[in-house]
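Chemist: Got a file for you: coords_7.cif, mmCIF, C-alpha atoms.
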```cif
data_target
#
loop_
_atom_site.label_atom_id
_atom_site.label_comp_id
_atom_site.auth_asym_id
_atom_site.auth_seq_id
_atom_site.Cartn_x
_atom_site.Cartn_y
_atom_site.Cartn_z
CA MET A 1215 12.53 33.59 -15.36
CA GLY A 1216 10.03 31.29 -17.09
CA LEU A 1217 11.54 28.19 -15.43
CA ILE A 1218 11.34 29.76 -11.98
CA THR A 1219 7.72 30.70 -12.54
CA LEU A 1220 6.93 27.15 -13.71
CA TYR A 1221 8.76 25.69 -10.69
CA VAL A 1222 6.79 27.89 -8.26
CA PHE A 1223 3.54 27.12 -10.09
CA LEU A 1224 4.19 23.34 -9.81
CA GLY A 1225 4.78 23.68 -6.06
CA ILE A 1226 1.49 25.39 -5.22
CA ARG A 1227 -1.28 23.22 -3.81
CA ILE A 1228 -4.74 24.05 -2.54
CA VAL A 1229 -5.62 21.75 0.35
CA ASN A 1230 -9.30 21.29 1.25
CA GLU A 1231 -10.46 21.72 4.85
CA ALA A 1232 -10.83 17.98 5.51
CA ASP A 1233 -7.62 16.95 3.71
CA ARG A 1234 -3.93 17.00 4.63
CA LEU A 1235 -0.70 16.54 2.67
CA VAL A 1236 2.26 14.63 4.10
CA VAL A 1237 5.54 16.05 2.75
CA LEU A 1238 8.71 13.98 2.32
CA THR A 1239 12.02 15.71 1.64
CA PHE A 1240 14.47 13.41 -0.13
CA GLY A 1241 12.36 10.47 1.05
CA ASN A 1242 12.29 11.47 4.75
CA TYR A 1243 9.27 12.77 6.63
CA ASN A 1244 9.32 16.56 6.81
CA ARG A 1245 5.91 18.00 7.68
CA VAL A 1246 2.14 17.91 7.26
CA LEU A 1247 0.44 20.63 5.24
CA GLY A 1248 -2.97 21.68 6.48
CA PRO A 1249 -5.89 23.33 4.71
CA GLY A 1250 -5.44 26.38 2.52
CA LEU A 1251 -2.97 27.52 -0.10
CA GLN A 1252 0.28 25.61 0.46
CA PHE A 1253 3.68 25.41 -1.19
CA HIS A 1254 6.17 22.58 -1.49
CA PHE A 1255 9.40 22.27 -3.45
CA PRO A 1256 8.79 19.99 -6.46
CA VAL A 1257 11.47 17.39 -7.27
CA VAL A 1258 13.04 17.83 -3.80
CA GLU A 1259 9.81 17.09 -1.93
CA GLU A 1260 7.27 14.40 -2.54
CA ILE A 1261 3.71 14.68 -1.23
CA TYR A 1262 1.11 12.12 -0.16
CA ALA A 1263 -2.49 13.25 0.03
CA ALA A 1264 -4.75 12.06 2.84
CA GLU A 1265 -8.41 12.82 2.24
CA ASN A 1266 -11.09 13.38 4.87
CA VAL A 1267 -8.71 12.83 7.78
CA SER A 1268 -11.22 13.82 10.47
CA ASN A 1269 -14.10 11.71 9.16
CA ILE A 1270 -15.22 8.55 10.90
CA ARG A 1271 -14.77 5.71 8.43
CA THR A 1272 -16.97 2.60 8.42
CA PHE A 1273 -16.91 -0.80 6.82
CA VAL A 1274 -18.93 -3.99 7.18
CA LEU A 1275 -17.25 -7.39 7.22
CA PRO A 1276 -19.58 -10.31 6.41
CA THR A 1277 -17.90 -13.66 6.95
CA ASN A 1278 -18.40 -17.13 8.36
CA MET A 1279 -16.39 -18.49 11.27
CA LEU A 1280 -15.70 -21.78 13.00
CA THR A 1281 -16.47 -21.70 16.73
CA LYS A 1282 -14.70 -23.48 19.58
CA ASP A 1283 -17.38 -26.17 19.62
CA GLU A 1284 -16.82 -26.77 15.87
CA ASN A 1285 -19.94 -25.07 14.55
CA ILE A 1286 -20.03 -22.59 11.68
CA VAL A 1287 -21.51 -19.16 12.34
CA ASP A 1288 -22.22 -16.39 9.83
CA VAL A 1289 -21.14 -13.07 11.33
CA GLU A 1290 -21.59 -9.53 10.03
CA LEU A 1291 -19.31 -7.08 11.80
CA ASN A 1292 -19.48 -3.27 11.57
CA VAL A 1293 -16.27 -1.37 12.34
CA GLN A 1294 -15.92 2.41 12.76
CA TYR A 1295 -12.47 3.95 12.88
CA THR A 1296 -10.58 7.18 12.34
CA ILE A 1297 -7.07 8.34 11.51
CA SER A 1298 -5.20 9.07 14.74
CA ASP A 1299 -1.68 9.63 13.40
CA LEU A 1300 -1.43 10.98 9.86
CA LYS A 1301 2.31 10.35 9.54
CA LYS A 1302 1.94 6.65 10.38
CA TYR A 1303 -1.20 6.37 8.23
CA ALA A 1304 0.51 7.80 5.15
CA LEU A 1305 3.97 6.26 5.49
CA ASN A 1306 3.99 3.00 7.47
CA VAL A 1307 1.42 0.86 5.67
CA GLU A 1308 0.99 0.55 1.92
CA ASP A 1309 -2.81 0.28 2.03
CA PRO A 1310 -4.31 1.01 5.48
CA GLU A 1311 -7.86 0.20 4.30
CA ILE A 1312 -6.93 -3.34 3.30
CA THR A 1313 -4.78 -3.71 6.41
CA ILE A 1314 -7.64 -2.86 8.78
CA ARG A 1315 -9.98 -5.26 6.96
CA GLN A 1316 -7.49 -8.12 7.20
CA ALA A 1317 -6.64 -7.33 10.83
CA THR A 1318 -10.36 -7.23 11.65
CA GLU A 1319 -10.96 -10.62 10.09
CA SER A 1320 -7.98 -12.05 11.96
CA ALA A 1321 -9.15 -10.64 15.30
CA LEU A 1322 -12.71 -11.84 14.69
CA ARG A 1323 -11.57 -15.35 13.77
CA HIS A 1324 -9.43 -15.54 16.89
CA VAL A 1325 -12.19 -14.40 19.25
CA VAL A 1326 -15.05 -16.37 17.65
CA GLY A 1327 -12.77 -19.41 17.37
CA GLY A 1328 -12.37 -19.28 21.15
CA SER A 1329 -16.12 -18.93 21.78
CA ILE A 1330 -18.95 -21.42 21.68
CA MET A 1331 -21.78 -21.14 19.17
CA ASP A 1332 -24.40 -20.00 21.73
CA ASP A 1333 -22.21 -17.07 22.80
CA ALA A 1334 -21.62 -16.02 19.19
CA LEU A 1335 -25.34 -16.15 18.39
CA THR A 1336 -26.99 -14.84 21.54
CA THR A 1337 -25.73 -13.67 24.91
CA GLY A 1338 -22.00 -13.27 24.22
CA ARG A 1339 -22.15 -11.03 21.16
CA GLU A 1340 -21.33 -7.82 23.06
CA LEU A 1341 -18.39 -9.43 24.84
CA ILE A 1342 -17.11 -10.84 21.54
CA ALA A 1343 -17.36 -7.37 19.94
CA GLN A 1344 -15.37 -5.84 22.84
CA GLU A 1345 -12.69 -8.51 22.59
CA VAL A 1346 -12.45 -8.04 18.82
CA ARG A 1347 -12.09 -4.27 19.28
CA GLY A 1348 -9.26 -4.69 21.79
CA ARG A 1349 -7.42 -7.27 19.72
CA LEU A 1350 -7.91 -5.25 16.51
CA GLN A 1351 -6.53 -2.07 18.11
CA ASN A 1352 -3.56 -4.08 19.38
CA TYR A 1353 -2.87 -5.34 15.83
CA LEU A 1354 -3.17 -1.85 14.34
CA ASP A 1355 -0.83 -0.41 16.97
CA ARG A 1356 1.74 -3.14 16.31
CA TYR A 1357 1.59 -2.43 12.57
CA SER A 1358 1.88 1.34 13.27
CA THR A 1359 -1.05 2.10 10.98
CA GLY A 1360 -2.07 5.39 12.60
CA LEU A 1361 -5.68 4.16 12.87
CA GLU A 1362 -7.90 4.16 15.95
CA VAL A 1363 -10.86 1.80 16.27
CA LEU A 1364 -13.87 3.61 17.70
CA ILE A 1365 -16.66 1.03 17.61
CA VAL A 1366 -16.93 -2.65 16.75
CA ASN A 1367 -20.47 -3.97 16.57
CA ILE A 1368 -21.81 -7.38 15.60
CA GLU A 1369 -24.71 -6.46 13.34
CA ASP A 1370 -25.86 -10.03 12.78
CA SER A 1371 -24.81 -13.53 13.72
CA SER A 1372 -26.65 -16.62 12.64
CA PRO A 1373 -26.07 -20.23 11.74
CA PRO A 1374 -25.53 -20.89 8.03
CA ASN A 1375 -28.69 -21.03 5.91
CA GLN A 1376 -28.25 -24.77 5.34
CA VAL A 1377 -28.77 -25.52 9.06
CA GLN A 1378 -31.07 -22.62 10.02
CA GLU A 1379 -34.15 -24.87 10.17
CA ALA A 1380 -32.45 -27.34 12.51
CA PHE A 1381 -31.21 -24.48 14.67
CA ASP A 1382 -34.74 -23.06 14.91
CA ASP A 1383 -35.95 -26.52 16.04
CA VAL A 1384 -33.32 -26.57 18.81
CA ILE A 1385 -34.41 -23.11 20.00
CA LYS A 1386 -38.07 -24.19 19.97
CA ALA A 1387 -37.21 -27.32 21.96
CA ARG A 1388 -35.37 -25.22 24.57
CA GLU A 1389 -38.34 -22.87 24.83
CA ASP A 1390 -40.68 -25.86 25.24
CA GLU A 1391 -38.40 -27.24 27.98
CA VAL A 1392 -38.47 -23.94 29.88
CA ARG A 1393 -42.25 -23.68 29.46
CA ALA A 1394 -42.77 -27.26 30.68
CA ARG A 1395 -40.48 -26.68 33.67
CA ASN A 1396 -42.38 -23.50 34.59
CA GLU A 1397 -45.71 -25.32 34.34
CA ALA A 1398 -44.41 -28.15 36.54
CA GLU A 1399 -43.19 -25.67 39.16
CA THR A 1400 -46.53 -23.86 39.06
CA ASN A 1401 -48.38 -27.17 39.57
CA ALA A 1402 -46.01 -28.20 42.40
CA ASN A 1403 -46.47 -24.87 44.15
CA GLY A 1404 -50.25 -25.00 43.69
#
```
Any chance you could give the structure as structure tokens?

Modeler:
Amino acid sequence: MGLITLYVFLGIRIVNEADRLVVLTFGNYNRVLGPGLQFHFPVVEEIYAAENVSNIRTFVLPTNMLTKDENIVDVELNVQYTISDLKKYALNVEDPEITIRQATESALRHVVGGSIMDDALTTGRELIAQEVRGRLQNYLDRYSTGLEVLIVNIEDSSPPNQVQEAFDDVIKAREDEVRARNEAETNANG
């Protein structure tokens, strides 16, 4: 009687509202246990805990990239994602958090590597973020991670600190060119 009581006691789990437990029976997927007082059969069943499954998760990826026109750009990318398929999340990938980081870096390198420096620094940032999101979701789907990318945002993009001063000079020269052209047109029209 004592062994049965111990066995039942070892199989009882209290699952928090935001958490879920994935249950494997003899190594095969069986079910997902939701919040509340739950029971599983120890020894026969193995459980994997997934915490905060409904939360939106965020990470920031600061890195430097080589552009199509062979310039280096420092990029800081913010990614928000959530778990879309708990079974895939718990069973298909050893460490989904590392996987999404590596897939994000790969997608970002591919997209920025196909863009010119001006697009990465100014006008094309939104388009680059959209392309990275699409490519990243494609990677995650191929890996069957059970993750869904919600938002990809380029927080900051700039030339490396070593060339920032030269880059600022180029921007100032472009502004001077536009100003001089506008003044010439004003004089010609006057």

Chemist: Find the residues near Met1331 (chain A): any atom within 8 Å, counting only C-alpha atoms, skip ones fewer than 3 places away on the same chain, and give them as a list in words.

Modeler: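 The neighbour list is Thr1281, Lys1282, Asp1283, Asn1285, Ile1286, Val1287, Ala1334 and Leu1335 of chain A.
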
Chemist: For the structure shown, which residues end up in the PyMOL selection byres ((chain A and resi 1311-1324) around 8)? Put them as a list of chain:residue names, please?

Modeler: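 So the PyMOL selection byres ((chain A and resi 1311-1324) around 8), applied here, picks out A:Leu1275, A:Met1279, A:Leu1280, A:Val1307, A:Asp1309, A:Pro1310, A:Val1325, A:Val1326, A:Gly1327, A:Gly1328, A:Val1346, A:Arg1349, A:Leu1350, A:Tyr1353, A:Leu1354.
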
Chemist: Name every residue that the PyMOL selection byres ((chain A and resi 1254) around 9) selects in this structure, writing the answer as a list in words with chains first and numbers rising.

Modeler: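 Taken on the displayed file, the PyMOL selection byres ((chain A and resi 1254) around 9) yields the residues Val1222, Leu1224, Gly1225, Ile1226, Arg1227, Val1237, Gln1252, Phe1253, Phe1255, Pro1256, Val1258, Glu1259, Glu1260 and Ile1261 of chain A.
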
Chemist: Go ahead and save the residues from that selection, with C-alpha atoms, as a PDB file, in the coordinates of the input.

Modeler:
```pdb
ATOM      1  CA  VAL A1222       6.790  27.890  -8.260  1.00  0.00           C
ATOM      2  CA  LEU A1224       4.190  23.340  -9.810  1.00  0.00           C
ATOM      3  CA  GLY A1225       4.780  23.680  -6.060  1.00  0.00           C
ATOM      4  CA  ILE A1226       1.490  25.390  -5.220  1.00  0.00           C
ATOM      5  CA  ARG A1227      -1.280  23.220  -3.810  1.00  0.00           C
ATOM      6  CA  VAL A1237       5.540  16.050   2.750  1.00  0.00           C
ATOM      7  CA  GLN A1252       0.280  25.610   0.460  1.00  0.00           C
ATOM      8  CA  PHE A1253       3.680  25.410  -1.190  1.00  0.00           C
ATOM      9  CA  PHE A1255       9.400  22.270  -3.450  1.00  0.00           C
ATOM     10  CA  PRO A1256       8.790  19.990  -6.460  1.00  0.00           C
ATOM     11  CA  VAL A1258      13.040  17.830  -3.800  1.00  0.00           C
ATOM     12  CA  GLU A1259       9.810  17.090  -1.930  1.00  0.00           C
ATOM     13  CA  GLU A1260       7.270  14.400  -2.540  1.00  0.00           C
ATOM     14  CA  ILE A1261       3.710  14.680  -1.230  1.00  0.00           C
TER      15      ILE A1261
END
```

Chemist: Between CA of Ile1368 (chain A) and CA of Asn1269 (chain A), what is the distance, to one decimal in Å?

Modeler: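 About the pair CA of Ile1368 (chain A) and CA of Asn1269 (chain A): they are 21.6 Å apart.
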
Chemist: One number please: CA of Pro1373 (chain A) to CA of Lys1386 (chain A), in Å, one decimal.

Modeler: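 Taking CA of Pro1373 (chain A) as the start and CA of Lys1386 (chain A) as the end point, the length is 15.1 Å.
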
Chemist: Find the residues with any atom within 12 Å of (-9.3, 21.9, -1.7); use all atoms listed in the file and the coordinates as given in the file, and write the answer as a PyMOL selection string.

Modeler: chain A and resi 1226-1235+1248-1252+1263-1266

Chemist: Output C-alpha atoms for every residue in that selection, as a PDB file, in the coordinates of the input.

Modeler:
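File produced: selection35.pdb:
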```pdb
ATOM      1  CA  ILE A1226       1.490  25.390  -5.220  1.00  0.00           C
ATOM      2  CA  ARG A1227      -1.280  23.220  -3.810  1.00  0.00           C
ATOM      3  CA  ILE A1228      -4.740  24.050  -2.540  1.00  0.00           C
ATOM      4  CA  VAL A1229      -5.620  21.750   0.350  1.00  0.00           C
ATOM      5  CA  ASN A1230      -9.300  21.290   1.250  1.00  0.00           C
ATOM      6  CA  GLU A1231     -10.460  21.720   4.850  1.00  0.00           C
ATOM      7  CA  ALA A1232     -10.830  17.980   5.510  1.00  0.00           C
ATOM      8  CA  ASP A1233      -7.620  16.950   3.710  1.00  0.00           C
ATOM      9  CA  ARG A1234      -3.930  17.000   4.630  1.00  0.00           C
ATOM     10  CA  LEU A1235      -0.700  16.540   2.670  1.00  0.00           C
ATOM     11  CA  GLY A1248      -2.970  21.680   6.480  1.00  0.00           C
ATOM     12  CA  PRO A1249      -5.890  23.330   4.710  1.00  0.00           C
ATOM     13  CA  GLY A1250      -5.440  26.380   2.520  1.00  0.00           C
ATOM     14  CA  LEU A1251      -2.970  27.520  -0.100  1.00  0.00           C
ATOM     15  CA  GLN A1252       0.280  25.610   0.460  1.00  0.00           C
ATOM     16  CA  ALA A1263      -2.490  13.250   0.030  1.00  0.00           C
ATOM     17  CA  ALA A1264      -4.750  12.060   2.840  1.00  0.00           C
ATOM     18  CA  GLU A1265      -8.410  12.820   2.240  1.00  0.00           C
ATOM     19  CA  ASN A1266     -11.090  13.380   4.870  1.00  0.00           C
TER      20      ASN A1266
END
```

Chemist: Can you tell me, as JSON, the centre and edge lengths (Å, one decimal) of the axis-aligned box enclosing all of region 1400-1404 of chain A's listed atoms after padding each side by 3 Å?

Modeler:
```
{"center_x": -48.1, "center_y": -26.0, "center_z": 41.6, "size_x": 10.2, "size_y": 10.3, "size_z": 11.1}
```

Chemist: Return the single residue from A:Asn1401, A:Asn1352, A:Ser1358, A:Thr1272 that is closest to Ala1304 (chain A), with distances computed using only C-alpha atoms.

Modeler: A:Ser1358

Chemist: For a test of reading the model, state the distance in Å between CA of Val1274 (chain A) and CA of Leu1305 (chain A), rounded to one decimal.

Modeler: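 These two atoms are separated by 25.1 Å.
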
Chemist: For each of A:Arg1393, A:Arg1271, A:Arg1245, A:Arg1356, take the minimum atom-to-atom distance to Asn1292 (chain A), counting all atoms listed in the file, then give the residue where this is smallest.

Modeler: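 Selected residue with least distance to Asn1292 (chain A): A:Arg1271.
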
Chemist: With all atoms listed in the file as the basis for distance, which of A:Tyr1303, A:Arg1388, A:Val1293, A:Glu1399 is at the shortest distance from Tyr1357 (chain A)?

Modeler: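 Of A:Tyr1303, A:Arg1388, A:Val1293, A:Glu1399, the one nearest Tyr1357 (chain A), counting all atoms listed in the file, is A:Tyr1303.
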
Chemist: So which residues touch Glu1362 (chain A) within 6 Å, counting only C-alpha atoms, skipping near sequence neighbours fewer than 2 positions away, as a ChimeraX atom specification?

Modeler: /A:1295-1296,1298
